[in-house]
>>> print(open('protein.pdb').read())   # PDB, C-alpha atoms, pLDDT in the B column
ATOM      1  CA  MET A   4     105.560  82.350 130.255  1.00 51.00           C
ATOM      2  CA  ALA A   5     106.585  79.213 128.368  1.00 55.00           C
ATOM      3  CA  GLU A   6     109.641  79.501 126.155  1.00 69.00           C
ATOM      4  CA  ARG A   7     108.784  79.580 122.449  1.00 78.00           C
ATOM      5  CA  LYS A   8     109.746  76.649 120.275  1.00 86.00           C
ATOM      6  CA  PRO A   9     112.564  76.991 117.708  1.00 91.00           C
ATOM      7  CA  ILE A  10     111.674  78.429 114.316  1.00 95.00           C
ATOM      8  CA  GLU A  11     111.210  75.521 111.918  1.00 96.00           C
ATOM      9  CA  SER A  12     109.728  77.348 108.916  1.00 97.00           C
ATOM     10  CA  TRP A  13     110.045  80.797 107.398  1.00 97.00           C
ATOM     11  CA  LEU A  14     107.752  83.069 105.409  1.00 97.00           C
ATOM     12  CA  THR A  15     109.241  86.185 103.849  1.00 97.00           C
ATOM     13  CA  ASP A  16     107.852  89.058 101.838  1.00 96.00           C
ATOM     14  CA  MET A  17     109.578  89.659  98.516  1.00 95.00           C
ATOM     15  CA  ASP A  18     109.660  93.384  97.605  1.00 92.00           C
ATOM     16  CA  GLY A  19     111.546  95.383 100.206  1.00 92.00           C
ATOM     17  CA  VAL A  20     112.941  92.264 101.883  1.00 96.00           C
ATOM     18  CA  LEU A  21     114.632  90.175  99.177  1.00 97.00           C
ATOM     19  CA  ILE A  22     114.602  92.667  96.291  1.00 95.00           C
ATOM     20  CA  HIS A  23     114.170  96.389  95.799  1.00 88.00           C
ATOM     21  CA  GLU A  24     113.218  97.891  92.414  1.00 80.00           C
ATOM     22  CA  GLY A  25     114.630  94.949  90.486  1.00 84.00           C
ATOM     23  CA  THR A  26     117.840  94.588  92.504  1.00 92.00           C
ATOM     24  CA  PRO A  27     118.554  91.924  95.132  1.00 96.00           C
ATOM     25  CA  ILE A  28     119.084  93.244  98.650  1.00 96.00           C
ATOM     26  CA  PRO A  29     122.499  92.284 100.058  1.00 97.00           C
ATOM     27  CA  GLY A  30     122.174  89.080 102.061  1.00 97.00           C
ATOM     28  CA  ALA A  31     119.056  87.839 100.239  1.00 97.00           C
ATOM     29  CA  ASP A  32     121.017  85.239  98.253  1.00 97.00           C
ATOM     30  CA  ALA A  33     122.710  83.944 101.414  1.00 97.00           C
ATOM     31  CA  PHE A  34     119.359  83.743 103.220  1.00 97.00           C
ATOM     32  CA  ILE A  35     117.685  81.765 100.423  1.00 97.00           C
ATOM     33  CA  SER A  36     120.716  79.478 100.088  1.00 96.00           C
ATOM     34  CA  ARG A  37     120.736  78.808 103.836  1.00 96.00           C
ATOM     35  CA  LEU A  38     117.004  78.001 103.759  1.00 96.00           C
ATOM     36  CA  ARG A  39     117.435  75.545 100.912  1.00 95.00           C
ATOM     37  CA  GLU A  40     120.442  73.882 102.548  1.00 95.00           C
ATOM     38  CA  SER A  41     118.584  73.556 105.865  1.00 95.00           C
ATOM     39  CA  GLY A  42     115.632  71.717 104.321  1.00 94.00           C
ATOM     40  CA  LYS A  43     113.254  73.838 106.395  1.00 95.00           C
ATOM     41  CA  PRO A  44     109.880  74.668 104.808  1.00 96.00           C
ATOM     42  CA  PHE A  45     109.718  78.246 103.507  1.00 97.00           C
ATOM     43  CA  LEU A  46     107.638  80.539 101.325  1.00 97.00           C
ATOM     44  CA  VAL A  47     108.347  83.776  99.503  1.00 97.00           C
ATOM     45  CA  LEU A  48     105.168  85.859  99.652  1.00 95.00           C
ATOM     46  CA  THR A  49     103.856  88.741  97.599  1.00 95.00           C
ATOM     47  CA  ASN A  50     100.592  90.664  97.579  1.00 94.00           C
ATOM     48  CA  ASN A  51     101.183  91.418  93.898  1.00 92.00           C
ATOM     49  CA  SER A  52      98.806  89.275  91.828  1.00 96.00           C
ATOM     50  CA  ILE A  53     100.159  90.229  88.390  1.00 95.00           C
ATOM     51  CA  TYR A  54     102.640  87.373  88.019  1.00 96.00           C
ATOM     52  CA  THR A  55     102.352  83.592  88.229  1.00 97.00           C
ATOM     53  CA  PRO A  56     104.778  81.754  90.539  1.00 97.00           C
ATOM     54  CA  ARG A  57     106.666  80.601  87.434  1.00 97.00           C
ATOM     55  CA  ASP A  58     107.017  84.223  86.270  1.00 97.00           C
ATOM     56  CA  LEU A  59     108.300  85.233  89.698  1.00 97.00           C
ATOM     57  CA  GLN A  60     110.717  82.305  89.830  1.00 97.00           C
ATOM     58  CA  ALA A  61     112.278  83.447  86.542  1.00 97.00           C
ATOM     59  CA  ARG A  62     112.359  87.067  87.717  1.00 95.00           C
ATOM     60  CA  LEU A  63     114.124  86.129  90.967  1.00 97.00           C
ATOM     61  CA  LEU A  64     116.546  83.765  89.198  1.00 96.00           C
ATOM     62  CA  ARG A  65     117.680  86.608  86.928  1.00 95.00           C
ATOM     63  CA  MET A  66     118.677  88.425  90.128  1.00 94.00           C
ATOM     64  CA  GLY A  67     120.576  85.434  91.468  1.00 94.00           C
ATOM     65  CA  LEU A  68     117.865  84.206  93.852  1.00 96.00           C
ATOM     66  CA  ASP A  69     117.005  80.550  93.209  1.00 96.00           C
ATOM     67  CA  VAL A  70     113.511  79.997  94.647  1.00 97.00           C
ATOM     68  CA  PRO A  71     111.517  76.922  93.520  1.00 96.00           C
ATOM     69  CA  VAL A  72     108.033  77.538  92.118  1.00 96.00           C
ATOM     70  CA  ASP A  73     106.445  75.601  94.983  1.00 95.00           C
ATOM     71  CA  ASN A  74     108.018  78.024  97.478  1.00 96.00           C
ATOM     72  CA  ILE A  75     106.273  81.099  96.049  1.00 97.00           C
ATOM     73  CA  TRP A  76     102.878  82.158  97.394  1.00 97.00           C
ATOM     74  CA  THR A  77     100.917  85.082  95.929  1.00 97.00           C
ATOM     75  CA  SER A  78      97.707  86.879  96.816  1.00 97.00           C
ATOM     76  CA  ALA A  79      96.298  85.430  93.573  1.00 98.00           C
ATOM     77  CA  LEU A  80      96.897  81.885  94.840  1.00 97.00           C
ATOM     78  CA  ALA A  81      95.403  82.780  98.233  1.00 96.00           C
ATOM     79  CA  THR A  82      92.349  84.258  96.496  1.00 98.00           C
ATOM     80  CA  ALA A  83      91.910  81.150  94.330  1.00 97.00           C
ATOM     81  CA  LYS A  84      92.242  78.875  97.365  1.00 96.00           C
ATOM     82  CA  PHE A  85      89.607  80.917  99.214  1.00 97.00           C
ATOM     83  CA  LEU A  86      87.159  80.785  96.277  1.00 98.00           C
ATOM     84  CA  ASP A  87      87.744  77.062  95.755  1.00 97.00           C
ATOM     85  CA  ASP A  88      86.881  76.459  99.418  1.00 96.00           C
ATOM     86  CA  GLN A  89      83.866  78.751  99.347  1.00 97.00           C
ATOM     87  CA  ARG A  90      82.285  77.906  95.997  1.00 98.00           C
ATOM     88  CA  PRO A  91      84.064  75.149  94.044  1.00 98.00           C
ATOM     89  CA  GLY A  92      83.649  75.313  90.269  1.00 97.00           C
ATOM     90  CA  GLY A  93      82.218  78.830  90.372  1.00 98.00           C
ATOM     91  CA  THR A  94      82.315  81.722  87.932  1.00 98.00           C
ATOM     92  CA  ALA A  95      84.024  85.094  88.111  1.00 98.00           C
ATOM     93  CA  TYR A  96      84.436  88.349  86.254  1.00 98.00           C
ATOM     94  CA  VAL A  97      88.117  89.201  86.677  1.00 98.00           C
ATOM     95  CA  ILE A  98      90.021  92.462  86.447  1.00 97.00           C
ATOM     96  CA  GLY A  99      93.656  91.406  86.609  1.00 96.00           C
ATOM     97  CA  GLU A 100      96.649  89.861  84.901  1.00 96.00           C
ATOM     98  CA  ALA A 101      97.933  86.350  84.184  1.00 96.00           C
ATOM     99  CA  GLY A 102      98.841  85.626  87.805  1.00 97.00           C
ATOM    100  CA  LEU A 103      95.204  85.908  88.838  1.00 98.00           C
ATOM    101  CA  THR A 104      93.489  84.459  85.778  1.00 98.00           C
ATOM    102  CA  THR A 105      95.855  81.447  85.756  1.00 98.00           C
ATOM    103  CA  ALA A 106      95.225  80.776  89.461  1.00 98.00           C
ATOM    104  CA  LEU A 107      91.465  80.820  88.886  1.00 98.00           C
ATOM    105  CA  HIS A 108      91.669  78.627  85.777  1.00 98.00           C
ATOM    106  CA  ASP A 109      93.758  76.141  87.756  1.00 98.00           C
ATOM    107  CA  ILE A 110      90.944  75.648  90.309  1.00 98.00           C
ATOM    108  CA  GLY A 111      88.397  75.111  87.528  1.00 98.00           C
ATOM    109  CA  TYR A 112      86.743  78.524  87.589  1.00 98.00           C
ATOM    110  CA  VAL A 113      84.980  79.861  84.489  1.00 98.00           C
ATOM    111  CA  LEU A 114      85.795  83.501  83.742  1.00 98.00           C
ATOM    112  CA  THR A 115      82.733  85.286  82.432  1.00 98.00           C
ATOM    113  CA  ASP A 116      80.827  88.559  82.527  1.00 97.00           C
ATOM    114  CA  HIS A 117      77.449  86.784  82.408  1.00 97.00           C
ATOM    115  CA  GLU A 118      75.924  86.631  85.900  1.00 97.00           C
ATOM    116  CA  PRO A 119      79.195  85.661  87.634  1.00 98.00           C
ATOM    117  CA  ASP A 120      79.272  84.443  91.225  1.00 98.00           C
ATOM    118  CA  TYR A 121      82.098  86.874  91.958  1.00 98.00           C
ATOM    119  CA  VAL A 122      83.774  90.006  90.718  1.00 98.00           C
ATOM    120  CA  VAL A 123      87.480  89.505  91.462  1.00 98.00           C
ATOM    121  CA  LEU A 124      89.750  92.537  91.398  1.00 98.00           C
ATOM    122  CA  GLY A 125      93.523  92.126  91.217  1.00 97.00           C
ATOM    123  CA  GLU A 126      96.583  94.148  90.321  1.00 94.00           C
ATOM    124  CA  THR A 127      96.954  95.375  86.759  1.00 90.00           C
ATOM    125  CA  ARG A 128      98.780  98.174  84.986  1.00 84.00           C
ATOM    126  CA  THR A 129      95.874  98.701  82.550  1.00 86.00           C
ATOM    127  CA  TYR A 130      92.752  99.419  84.609  1.00 87.00           C
ATOM    128  CA  SER A 131      90.057 100.501  82.157  1.00 91.00           C
ATOM    129  CA  PHE A 132      86.986 102.612  82.805  1.00 94.00           C
ATOM    130  CA  GLU A 133      84.954 100.085  80.821  1.00 96.00           C
ATOM    131  CA  ALA A 134      86.086  97.164  83.008  1.00 96.00           C
ATOM    132  CA  MET A 135      85.416  99.077  86.223  1.00 96.00           C
ATOM    133  CA  THR A 136      81.971 100.092  84.983  1.00 97.00           C
ATOM    134  CA  LYS A 137      81.167  96.457  84.204  1.00 98.00           C
ATOM    135  CA  ALA A 138      82.393  95.422  87.670  1.00 98.00           C
ATOM    136  CA  VAL A 139      80.142  98.028  89.323  1.00 98.00           C
ATOM    137  CA  ARG A 140      77.098  96.839  87.379  1.00 98.00           C
ATOM    138  CA  LEU A 141      77.762  93.155  88.091  1.00 98.00           C
ATOM    139  CA  ILE A 142      78.195  93.819  91.826  1.00 98.00           C
ATOM    140  CA  ASN A 143      74.993  95.861  91.857  1.00 98.00           C
ATOM    141  CA  ALA A 144      73.297  92.899  90.146  1.00 98.00           C
ATOM    142  CA  GLY A 145      74.370  90.540  92.942  1.00 98.00           C
ATOM    143  CA  ALA A 146      77.932  89.378  92.261  1.00 98.00           C
ATOM    144  CA  ARG A 147      80.076  89.116  95.394  1.00 98.00           C
ATOM    145  CA  PHE A 148      83.084  91.462  95.503  1.00 98.00           C
ATOM    146  CA  ILE A 149      86.509  89.896  96.133  1.00 98.00           C
ATOM    147  CA  CYS A 150      89.859  91.678  96.021  1.00 98.00           C
ATOM    148  CA  THR A 151      93.317  90.094  96.027  1.00 97.00           C
ATOM    149  CA  ASN A 152      94.912  92.651  98.355  1.00 95.00           C
ATOM    150  CA  PRO A 153      94.252  96.025 100.000  1.00 94.00           C
ATOM    151  CA  ASP A 154      97.496  97.825  99.020  1.00 90.00           C
ATOM    152  CA  GLU A 155      96.494 101.332  97.941  1.00 89.00           C
ATOM    153  CA  THR A 156      99.799 102.130  96.253  1.00 82.00           C
ATOM    154  CA  GLY A 157     102.653 100.166  94.757  1.00 76.00           C
ATOM    155  CA  PRO A 158     106.308 101.032  94.090  1.00 68.00           C
ATOM    156  CA  SER A 159     107.852 102.053  90.799  1.00 69.00           C
ATOM    157  CA  THR A 160     111.073 103.767  89.758  1.00 70.00           C
ATOM    158  CA  GLU A 161     109.073 106.955  89.047  1.00 75.00           C
ATOM    159  CA  GLY A 162     107.240 106.915  92.385  1.00 74.00           C
ATOM    160  CA  PRO A 163     104.070 105.419  93.880  1.00 76.00           C
ATOM    161  CA  LEU A 164     101.424 103.887  91.593  1.00 81.00           C
ATOM    162  CA  PRO A 165      97.704 103.466  92.373  1.00 86.00           C
ATOM    163  CA  ALA A 166      97.231  99.825  93.326  1.00 90.00           C
ATOM    164  CA  THR A 167      94.399  97.358  93.923  1.00 94.00           C
ATOM    165  CA  GLY A 168      93.114  98.919  97.134  1.00 95.00           C
ATOM    166  CA  ALA A 169      92.698 102.318  95.474  1.00 94.00           C
ATOM    167  CA  VAL A 170      90.657 100.857  92.615  1.00 95.00           C
ATOM    168  CA  ALA A 171      88.638  98.787  95.101  1.00 97.00           C
ATOM    169  CA  ALA A 172      87.768 102.029  96.912  1.00 97.00           C
ATOM    170  CA  LEU A 173      86.418 103.476  93.660  1.00 96.00           C
ATOM    171  CA  ILE A 174      84.197 100.421  93.092  1.00 97.00           C
ATOM    172  CA  THR A 175      83.062 100.463  96.729  1.00 98.00           C
ATOM    173  CA  LYS A 176      82.104 104.139  96.405  1.00 98.00           C
ATOM    174  CA  ALA A 177      80.041 103.338  93.304  1.00 98.00           C
ATOM    175  CA  THR A 178      78.325 100.221  94.737  1.00 98.00           C
ATOM    176  CA  GLY A 179      78.270 100.662  98.497  1.00 98.00           C
ATOM    177  CA  LYS A 180      79.776  97.139  98.741  1.00 98.00           C
ATOM    178  CA  GLN A 181      83.036  96.449 100.576  1.00 97.00           C
ATOM    179  CA  PRO A 182      85.264  93.721  99.086  1.00 98.00           C
ATOM    180  CA  TYR A 183      86.680  90.749 100.930  1.00 98.00           C
ATOM    181  CA  PHE A 184      90.473  91.037 100.750  1.00 97.00           C
ATOM    182  CA  ALA A 185      92.253  87.667 100.542  1.00 97.00           C
ATOM    183  CA  GLY A 186      95.859  88.921 100.709  1.00 95.00           C
ATOM    184  CA  LYS A 187      97.928  90.376 103.539  1.00 94.00           C
ATOM    185  CA  PRO A 188      97.164  91.503 106.209  1.00 94.00           C
ATOM    186  CA  ASN A 189      94.397  88.882 106.156  1.00 94.00           C
ATOM    187  CA  PRO A 190      95.860  85.989 108.190  1.00 91.00           C
ATOM    188  CA  LEU A 191      94.034  83.704 105.744  1.00 92.00           C
ATOM    189  CA  MET A 192      96.892  84.216 103.268  1.00 94.00           C
ATOM    190  CA  MET A 193      99.403  83.190 105.912  1.00 93.00           C
ATOM    191  CA  ARG A 194      97.426  80.165 107.107  1.00 93.00           C
ATOM    192  CA  THR A 195      96.792  78.833 103.612  1.00 93.00           C
ATOM    193  CA  GLY A 196     100.477  79.356 102.844  1.00 93.00           C
ATOM    194  CA  LEU A 197     101.522  77.501 105.990  1.00 95.00           C
ATOM    195  CA  ASN A 198      99.169  74.658 105.080  1.00 93.00           C
ATOM    196  CA  ALA A 199     100.687  74.502 101.599  1.00 91.00           C
ATOM    197  CA  ILE A 200     104.134  73.736 103.070  1.00 94.00           C
ATOM    198  CA  GLY A 201     102.898  71.661 106.006  1.00 94.00           C
ATOM    199  CA  ALA A 202     104.066  74.211 108.597  1.00 95.00           C
ATOM    200  CA  HIS A 203     102.579  75.352 111.910  1.00 94.00           C
ATOM    201  CA  SER A 204     102.293  78.964 113.029  1.00 94.00           C
ATOM    202  CA  GLU A 205     103.737  78.200 116.465  1.00 93.00           C
ATOM    203  CA  THR A 206     107.098  77.310 114.935  1.00 96.00           C
ATOM    204  CA  SER A 207     107.042  79.756 112.006  1.00 97.00           C
ATOM    205  CA  ALA A 208     108.318  83.291 111.449  1.00 97.00           C
ATOM    206  CA  MET A 209     107.267  86.060 109.069  1.00 97.00           C
ATOM    207  CA  ILE A 210     109.754  88.572 107.647  1.00 98.00           C
ATOM    208  CA  GLY A 211     108.471  91.807 106.126  1.00 96.00           C
ATOM    209  CA  ASP A 212     109.148  95.487 105.534  1.00 94.00           C
ATOM    210  CA  ARG A 213     105.660  96.799 106.360  1.00 92.00           C
ATOM    211  CA  MET A 214     103.954  97.014 109.719  1.00 94.00           C
ATOM    212  CA  ASP A 215     100.418  97.267 108.315  1.00 91.00           C
ATOM    213  CA  THR A 216     100.583  94.157 106.123  1.00 91.00           C
ATOM    214  CA  ASP A 217     103.536  91.841 106.842  1.00 95.00           C
ATOM    215  CA  VAL A 218     103.902  92.270 110.593  1.00 96.00           C
ATOM    216  CA  LEU A 219     100.143  92.488 111.195  1.00 96.00           C
ATOM    217  CA  ALA A 220      99.440  89.366 109.110  1.00 95.00           C
ATOM    218  CA  GLY A 221     102.170  87.400 110.864  1.00 95.00           C
ATOM    219  CA  LEU A 222     101.030  88.549 114.283  1.00 95.00           C
ATOM    220  CA  GLU A 223      97.383  87.649 113.665  1.00 94.00           C
ATOM    221  CA  ALA A 224      98.387  84.253 112.275  1.00 94.00           C
ATOM    222  CA  GLY A 225     100.280  83.489 115.489  1.00 94.00           C
ATOM    223  CA  MET A 226     103.817  83.697 114.108  1.00 95.00           C
ATOM    224  CA  ARG A 227     106.939  85.467 115.258  1.00 96.00           C
ATOM    225  CA  THR A 228     107.570  88.568 113.160  1.00 97.00           C
ATOM    226  CA  PHE A 229     110.763  90.203 111.935  1.00 98.00           C
ATOM    227  CA  LEU A 230     110.692  93.721 110.488  1.00 97.00           C
ATOM    228  CA  VAL A 231     113.496  94.692 108.096  1.00 97.00           C
ATOM    229  CA  LEU A 232     114.355  98.331 107.414  1.00 96.00           C
ATOM    230  CA  THR A 233     115.216  97.902 103.717  1.00 94.00           C
ATOM    231  CA  GLY A 234     111.706  98.723 102.480  1.00 88.00           C
ATOM    232  CA  LEU A 235     109.038 101.233 103.397  1.00 79.00           C
ATOM    233  CA  THR A 236     109.288 101.339 107.192  1.00 89.00           C
ATOM    234  CA  THR A 237     111.664 103.197 109.520  1.00 91.00           C
ATOM    235  CA  VAL A 238     112.260 102.597 113.226  1.00 92.00           C
ATOM    236  CA  GLU A 239     110.310 105.792 113.937  1.00 94.00           C
ATOM    237  CA  ASP A 240     107.335 104.486 111.941  1.00 93.00           C
ATOM    238  CA  THR A 241     107.018 101.427 114.176  1.00 93.00           C
ATOM    239  CA  GLU A 242     106.149 103.652 117.147  1.00 93.00           C
ATOM    240  CA  LYS A 243     102.947 104.767 115.408  1.00 95.00           C
ATOM    241  CA  PHE A 244     101.386 101.304 115.611  1.00 96.00           C
ATOM    242  CA  PRO A 245      99.684  99.676 118.619  1.00 96.00           C
ATOM    243  CA  TYR A 246     101.565  96.425 117.968  1.00 96.00           C
ATOM    244  CA  ARG A 247     105.235  95.613 117.515  1.00 95.00           C
ATOM    245  CA  PRO A 248     107.289  93.062 115.615  1.00 96.00           C
ATOM    246  CA  THR A 249     109.057  90.370 117.624  1.00 96.00           C
ATOM    247  CA  ARG A 250     112.321  91.904 116.440  1.00 96.00           C
ATOM    248  CA  THR A 251     113.483  94.716 114.147  1.00 97.00           C
ATOM    249  CA  VAL A 252     116.664  94.236 112.085  1.00 97.00           C
ATOM    250  CA  ASN A 253     118.475  96.299 109.479  1.00 97.00           C
ATOM    251  CA  SER A 254     118.111  93.751 106.672  1.00 97.00           C
ATOM    252  CA  ILE A 255     117.613  90.118 105.716  1.00 97.00           C
ATOM    253  CA  ALA A 256     121.386  89.665 106.097  1.00 97.00           C
ATOM    254  CA  ASP A 257     120.908  89.889 109.885  1.00 97.00           C
ATOM    255  CA  LEU A 258     118.678  86.802 109.869  1.00 97.00           C
ATOM    256  CA  VAL A 259     120.858  84.348 107.941  1.00 96.00           C
ATOM    257  CA  ASP A 260     122.373  82.898 111.112  1.00 94.00           C
ATOM    258  CA  LEU A 261     118.901  82.219 112.579  1.00 94.00           C
ATOM    259  CA  VAL A 262     118.055  79.671 109.875  1.00 92.00           C
TER
END
>>> encode(input="protein.pdb", output="structure tokens")
Amino acid sequence: MAERKPIESWLTDMDGVLIHEGTPIPGADAFISRLRESGKPFLVLTNNSIYTPRDLQARLLRMGLDVPVDNIWTSALATAKFLDDQRPGGTAYVIGEAGLTTALHDIGYVLTDHEPDYVVLGETRTYSFEAMTKAVRLINAGARFICTNPDETGPSTEGPLPATGAVAALITKATGKQPYFAGKPNPLMMRTGLNAIGAHSETSAMIGDRMDTDVLAGLEAGMRTFLVLTGLTTVEDTEKFPYRPTRTVNSIADLVDLV
């Protein structure tokens, strides 16, 4: 088997890898600093579509992590890129926050509840029965169903929260229509992200804390994968999956010297 080429670009998940419940994970600042000093292309990824890259930049900077806006890639941006490729200048009924609506406005989409081309579901902390009912009726009337990410729960200090995938399941049950998920583990999010920084999967690596999204997405996009144990996954959990990461490490601190 041919020896793999050196890693020239890095993609890393955010929650569980760089930060945890609003606190930076030890080593995250050194990893980001080393990336920036190296000049290697990199992206910080998140399936959370609530925030714009500028919001996330400010949030990370408050924690001591200096990540440029152009190095942040969200499921909202991946969704917008997908829709712009599929149906430029289209229309959408959106359930979501500023991260998603801004991304769609930026590609020239009109947000409307009048015969939209798409119903686009993203993360929000204020899902309303009225909005979900409207989404169900629009999908039944012919709108195509798109979802930013399949995560069924999200973290909070009080415990798990219902997330986009759980609400998507409700709409699917009411319409019989499955959504197209643009975010991880869809390798589309990884490939569009790699294209955005001019990187190639053969010389790129993905760092994540989840086997079912981060590692799977990296694997299917053709990248090397590093699993960190600072998030949701334990070493024992990895044995439950039919695929494995390239390498498992305790935390992001163990990868600084690889940059």
>>> resolve_selection(input="protein.pdb", expression="the PyMOL selection byres ((chain A and resi 150-153) around 7)", output="VMD selection string")
chain A and resid 50 52 78 to 79 82 123 to 125 148 to 149 154 to 155 167 to 168 182 to 187
>>> resolve_selection(input="protein.pdb", expression="the PyMOL selection byres ((chain A and resi 225) around 10)", output="NGL selection string")
:A and (190 or 193-194 or 203-209 or 219-224 or 226-228)
>>> resolve_selection(input="protein.pdb", expression="the PyMOL selection byres ((chain A and resi 15) around 10)", output="VMD selection string")
chain A and resid 13 to 14 16 to 18 20 to 21 45 to 49 75 to 76 208 to 212 217 228 to 229 255
>>> residues_around(input="protein.pdb", residues="Thr178 (chain A)", least_positions_apart="5", cutoff="8 Å", atoms="only C-alpha atoms", output="PyMOL selection string")
chain A and resi 139+142-143
>>> closest_residue(input="protein.pdb", among="A:Leu261, A:Met214, A:Val170, A:Gly42", to="Glu242 (chain A)", atoms="all atoms listed in the file")
A:Met214
>>> residues_near_point(input="protein.pdb", point="(117.6, 81.8, 105.2)", cutoff="8 Å", atoms="only C-alpha atoms", output="JSON, numbers by chain")
{"A": [13, 31, 33, 34, 35, 36, 37, 38, 39, 258, 259, 260, 261, 262]}
>>> axis_aligned_box(input="protein.pdb", around="region 229-238 of chain A", padding_each_side="8 Å", output="lines of an AutoDock Vina configuration file")
center_x = 112.1
center_y = 96.7
center_z = 107.9
size_x = 22.2
size_y = 29.0
size_z = 26.7
>>> closest_residue(input="protein.pdb", among="A:Thr251, A:Thr26, A:Thr115, A:Ser12", to="Lys43 (chain A)", atoms="all atoms listed in the file")
A:Ser12
>>> atom_distance(input="protein.pdb", atom1="CA of Ile53 (chain A)", atom2="CA of Gly99 (chain A)")
6.8 Å
>>> closest_residue(input="protein.pdb", among="A:Ala101, A:Tyr130, A:Ala144, A:Asp32", to="Asp116 (chain A)", atoms="all atoms listed in the file")
A:Ala144
>>> atom_distance(input="protein.pdb", atom1="CA of Gln60 (chain A)", atom2="CA of Ser254 (chain A)")
21.7 Å
>>> closest_residue(input="protein.pdb", among="A:Asn253, A:Thr236, A:Thr55, A:Thr127", to="Leu107 (chain A)", atoms="only C-alpha atoms")
A:Thr55
>>> atom_distance(input="protein.pdb", atom1="CA of Val70 (chain A)", atom2="CA of Glu24 (chain A)")
18.0 Å
>>> residues_near_point(input="protein.pdb", point="(81.5, 104.2, 91.3)", cutoff="12 Å", atoms="only C-alpha atoms", output="ChimeraX atom specification")
/A:132-140,142-143,170-180
>>> closest_residue(input="protein.pdb", among="A:Ala106, A:Ala169, A:Ile10, A:Leu68", to="Ser41 (chain A)", atoms="all atoms listed in the file")
A:Ile10
